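Here is the structure we will look at.
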Amino acid sequence: MIAAMTTRYTQFCALARALELLGERWTLLIIRELLLGPKRFSDLKERLDGISASVLSQRLTRLEEDGLVQRAYLEPPAASNVFELTEFGRALQPAIFELIRWGARSLYPSRAGERREPEWLGLVLRAYARKGRVPQRSLEVRLKENGHEATFYVRGTAKGTFVSAEPTACDVRVALNIDTLFGLGSGRISTSDAISGGLAESEGDAEALAVFPDLFDMRR
């Protein structure tokens, strides 16, 4: 296997060090996938359109050597060898959230042929979750896009908004696509218009759904 190229900057600078660890193509997207949970090599290869097996292997090897990623074994029924973030790697989460918020400024208009994965929106929702007191309502958000689905559970509390993939009792259930989610969160689409226009389907307390924009900080 061809050895991975390693960029080194002759600068005593924390940003330069971060770029040495993360600046290669695909590296941050591998981190994104592993923030969502442990993944097999084949899972990562399938989700990162365009990456070759050799490049993925190089990036993972480098991340292991630098202490951001480690190998683990999932017990049956999964019974798989996977890659997961170390504590050092998980410490990137706040920085990834800030990059998501910054990158979202250039997300639209979307480009033809771009892959859309509902699971990625779990990180987006967590990145935009409000801190401090918010309406104390709970929602099940089911995202559907191109035959793929992901479900998230959103809970508003006195300490902020929490987003989880773990099932919990909710005031309202809503099913929608990615564009409608961004429209509701930013306030560009009202919940009543989304429902009446067929952009979303809901079951439960309509008032709980109406507070969805207040649980997130997408309006800025």
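Just remember, in the structure tokens the first chain shown is A, the second B, etc., residues are 1-based per chain, and ligands are 1-based in the order shown.
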So which residues of stretch 11-218 of chain A fall under helix (DSSP H, G or I) by DSSP, listed as an NGL selection string? :A and (14-22 or 27-35 or 41-47 or 53-65 or 87-90 or 93-106 or 118-128 or 178-186 or 191-196 or 206-210 or 212-215)
Generate the output file for the selected residues, C-alpha atoms, as an mmCIF file, in the first residue's frame.
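Dumped everything to out04.cif:
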data_model
loop_
_atom_site.group_PDB
_atom_site.id
_atom_site.type_symbol
_atom_site.label_atom_id
_atom_site.label_comp_id
_atom_site.auth_asym_id
_atom_site.auth_seq_id
_atom_site.Cartn_x
_atom_site.Cartn_y
_atom_site.Cartn_z
ATOM 1 C CA ALA A 14 -2.501 25.269 17.272
ATOM 2 C CA LEU A 15 -4.405 25.862 14.019
ATOM 3 C CA ALA A 16 -1.478 24.488 12.038
ATOM 4 C CA ARG A 17 -1.473 21.392 14.263
ATOM 5 C CA ALA A 18 -5.205 20.926 13.692
ATOM 6 C CA LEU A 19 -4.713 21.150 9.939
ATOM 7 C CA GLU A 20 -1.976 18.548 10.105
ATOM 8 C CA LEU A 21 -4.460 16.162 11.689
ATOM 9 C CA LEU A 22 -7.601 17.076 9.745
ATOM 10 C CA THR A 27 -10.808 13.251 6.813
ATOM 11 C CA LEU A 28 -13.524 15.493 8.261
ATOM 12 C CA LEU A 29 -16.227 13.503 6.490
ATOM 13 C CA ILE A 30 -14.886 10.308 8.060
ATOM 14 C CA ILE A 31 -15.118 12.109 11.421
ATOM 15 C CA ARG A 32 -18.708 13.083 10.578
ATOM 16 C CA GLU A 33 -19.655 9.463 9.933
ATOM 17 C CA LEU A 34 -18.043 8.253 13.149
ATOM 18 C CA LEU A 35 -19.739 10.974 15.200
ATOM 19 C CA PHE A 41 -14.941 -0.114 6.590
ATOM 20 C CA SER A 42 -17.622 -1.056 4.038
ATOM 21 C CA ASP A 43 -20.118 1.323 5.682
ATOM 22 C CA LEU A 44 -17.681 4.212 5.371
ATOM 23 C CA LYS A 45 -16.824 3.319 1.781
ATOM 24 C CA GLU A 46 -20.504 3.237 0.841
ATOM 25 C CA ARG A 47 -21.314 6.588 2.491
ATOM 26 C CA ALA A 53 -10.647 1.833 -0.832
ATOM 27 C CA SER A 54 -6.921 2.659 -0.773
ATOM 28 C CA VAL A 55 -7.470 6.313 0.150
ATOM 29 C CA LEU A 56 -9.995 5.384 2.840
ATOM 30 C CA SER A 57 -7.532 2.876 4.272
ATOM 31 C CA GLN A 58 -4.798 5.536 4.295
ATOM 32 C CA ARG A 59 -6.998 8.075 6.041
ATOM 33 C CA LEU A 60 -8.134 5.598 8.685
ATOM 34 C CA THR A 61 -4.563 4.454 9.294
ATOM 35 C CA ARG A 62 -3.472 8.050 9.771
ATOM 36 C CA LEU A 63 -6.380 8.777 12.121
ATOM 37 C CA GLU A 64 -5.510 5.692 14.152
ATOM 38 C CA GLU A 65 -1.836 6.680 14.343
ATOM 39 C CA GLU A 87 -12.059 10.436 23.380
ATOM 40 C CA PHE A 88 -9.588 12.678 21.522
ATOM 41 C CA GLY A 89 -11.623 12.269 18.338
ATOM 42 C CA ARG A 90 -14.970 12.897 20.063
ATOM 43 C CA GLN A 93 -17.717 17.555 18.153
ATOM 44 C CA PRO A 94 -18.069 21.253 19.130
ATOM 45 C CA ALA A 95 -15.760 22.284 16.287
ATOM 46 C CA ILE A 96 -17.703 20.107 13.826
ATOM 47 C CA PHE A 97 -20.949 21.715 14.994
ATOM 48 C CA GLU A 98 -19.519 25.184 14.370
ATOM 49 C CA LEU A 99 -18.383 24.138 10.885
ATOM 50 C CA ILE A 100 -21.876 22.791 10.171
ATOM 51 C CA ARG A 101 -23.416 26.099 11.189
ATOM 52 C CA TRP A 102 -20.894 28.036 9.098
ATOM 53 C CA GLY A 103 -21.183 25.734 6.074
ATOM 54 C CA ALA A 104 -24.984 25.930 6.134
ATOM 55 C CA ARG A 105 -24.702 29.545 4.949
ATOM 56 C CA SER A 106 -23.619 28.157 1.564
ATOM 57 C CA PRO A 118 -31.372 11.812 6.511
ATOM 58 C CA GLU A 119 -28.997 10.507 9.200
ATOM 59 C CA TRP A 120 -26.657 13.468 8.614
ATOM 60 C CA LEU A 121 -29.430 15.761 9.831
ATOM 61 C CA GLY A 122 -28.975 14.342 13.323
ATOM 62 C CA LEU A 123 -25.720 16.293 13.536
ATOM 63 C CA VAL A 124 -27.385 19.378 12.038
ATOM 64 C CA LEU A 125 -30.167 19.330 14.627
ATOM 65 C CA ARG A 126 -27.668 18.916 17.451
ATOM 66 C CA ALA A 127 -25.521 21.722 16.029
ATOM 67 C CA TYR A 128 -28.489 24.112 15.995
ATOM 68 C CA ILE A 178 -34.812 17.560 4.459
ATOM 69 C CA ASP A 179 -35.809 20.785 2.666
ATOM 70 C CA THR A 180 -39.004 21.047 4.712
ATOM 71 C CA LEU A 181 -37.022 20.530 7.909
ATOM 72 C CA PHE A 182 -34.739 23.448 7.049
ATOM 73 C CA GLY A 183 -37.760 25.514 6.044
ATOM 74 C CA LEU A 184 -39.527 24.903 9.352
ATOM 75 C CA GLY A 185 -36.403 25.447 11.430
ATOM 76 C CA SER A 186 -35.561 28.737 9.732
ATOM 77 C CA THR A 191 -46.012 24.394 10.379
ATOM 78 C CA SER A 192 -49.593 25.000 9.246
ATOM 79 C CA ASP A 193 -48.483 25.606 5.639
ATOM 80 C CA ALA A 194 -46.242 22.534 5.718
ATOM 81 C CA ILE A 195 -49.142 20.343 6.833
ATOM 82 C CA SER A 196 -51.800 21.869 4.581
ATOM 83 C CA ALA A 206 -50.337 20.474 16.740
ATOM 84 C CA GLU A 207 -49.244 23.114 19.271
ATOM 85 C CA ALA A 208 -46.155 21.049 20.068
ATOM 86 C CA LEU A 209 -45.229 21.002 16.389
ATOM 87 C CA ALA A 210 -45.694 24.783 16.154
ATOM 88 C CA PHE A 212 -40.319 23.464 16.467
ATOM 89 C CA PRO A 213 -38.565 26.664 15.253
ATOM 90 C CA ASP A 214 -38.199 27.829 18.866
ATOM 91 C CA LEU A 215 -36.231 24.699 19.768
#
Could you name the residues that touch stretch 158-174 of chain A at 6 Å or less, counting only C-alpha atoms, but leaving out those on the same chain fewer than 3 positions away, as a CSV table (one decimal) with N, CA and C atoms, in the first residue's frame?
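Produced file selection_27.csv, reproduced below:
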chain,number,residue,atom,x,y,z
A,126,ARG,N,-28.4,18.7,16.2
A,126,ARG,CA,-27.7,18.9,17.5
A,126,ARG,C,-26.8,20.2,17.4
A,129,ALA,N,-29.2,23.1,18.1
A,129,ALA,CA,-30.1,23.0,19.3
A,129,ALA,C,-29.9,24.2,20.2
A,130,ARG,N,-30.9,24.8,20.6
A,130,ARG,CA,-30.8,26.0,21.5
A,130,ARG,C,-30.4,25.6,22.9
A,131,LYS,N,-29.6,26.5,23.5
A,131,LYS,CA,-29.2,26.4,24.9
A,131,LYS,C,-30.1,27.3,25.7
A,132,GLY,N,-30.3,26.9,27.0
A,132,GLY,CA,-31.1,27.7,27.8
A,132,GLY,C,-32.6,27.3,27.7
A,133,ARG,N,-33.5,28.0,28.4
A,133,ARG,CA,-34.9,27.6,28.5
A,133,ARG,C,-35.5,27.6,27.1
A,134,VAL,N,-36.2,26.6,26.7
A,134,VAL,CA,-37.0,26.5,25.5
A,134,VAL,C,-38.4,25.9,25.9
A,138,SER,N,-42.0,17.8,23.3
A,138,SER,CA,-41.2,16.7,22.7
A,138,SER,C,-41.8,16.3,21.4
A,139,LEU,N,-40.9,16.0,20.4
A,139,LEU,CA,-41.3,15.7,19.1
A,139,LEU,C,-40.5,14.5,18.6
A,140,GLU,N,-41.2,13.6,17.8
A,140,GLU,CA,-40.5,12.6,17.0
A,140,GLU,C,-40.4,13.1,15.6
A,141,VAL,N,-39.2,13.3,15.1
A,141,VAL,CA,-39.0,13.8,13.7
A,141,VAL,C,-38.5,12.7,12.8
A,152,PHE,N,-35.4,11.0,14.7
A,152,PHE,CA,-34.8,11.7,15.8
A,152,PHE,C,-35.9,12.1,16.8
A,153,TYR,N,-35.4,12.2,18.1
A,153,TYR,CA,-36.3,12.5,19.2
A,153,TYR,C,-35.8,13.8,19.8
A,154,VAL,N,-36.7,14.9,19.7
A,154,VAL,CA,-36.3,16.2,20.1
A,154,VAL,C,-37.1,16.5,21.4
A,155,ARG,N,-36.3,17.0,22.4
A,155,ARG,CA,-37.0,17.3,23.7
A,155,ARG,C,-36.5,18.7,24.1
A,201,GLU,N,-46.3,15.4,7.4
A,201,GLU,CA,-47.5,14.7,8.0
A,201,GLU,C,-47.2,14.7,9.5
A,202,SER,N,-48.3,14.9,10.2
A,202,SER,CA,-48.1,15.0,11.7
A,202,SER,C,-49.2,14.2,12.4
A,203,GLU,N,-48.9,13.7,13.6
A,203,GLU,CA,-49.9,13.0,14.4
A,203,GLU,C,-49.6,13.4,15.8
A,204,GLY,N,-50.6,14.0,16.5
A,204,GLY,CA,-50.5,14.4,17.9
A,204,GLY,C,-50.8,15.8,18.1
A,205,ASP,N,-50.2,16.5,19.1
A,205,ASP,CA,-50.4,17.8,19.5
A,205,ASP,C,-49.9,18.8,18.5
A,215,LEU,N,-37.1,25.7,19.1
A,215,LEU,CA,-36.2,24.7,19.8
A,215,LEU,C,-34.8,24.7,19.2
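Those residues that approach A:Ser80 to within 12 Å, counting only C-alpha atoms, are Pro38, Lys39, Arg40, Phe41, Ser42, Asp43, Arg71, Ala72, Tyr73 and Leu74 of chain A; same-chain residues fewer than 6 positions away are not listed.
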Residue nearest A:Gly113 among A:Asn146, A:Leu176, A:Glu84, A:Ser52 (counting only C-alpha atoms): A:Asn146
Would you return as a count of residues only the members of stretch 131-205 of chain A that DSSP assigns to strand (DSSP E or B) on this structure's backbone? 34
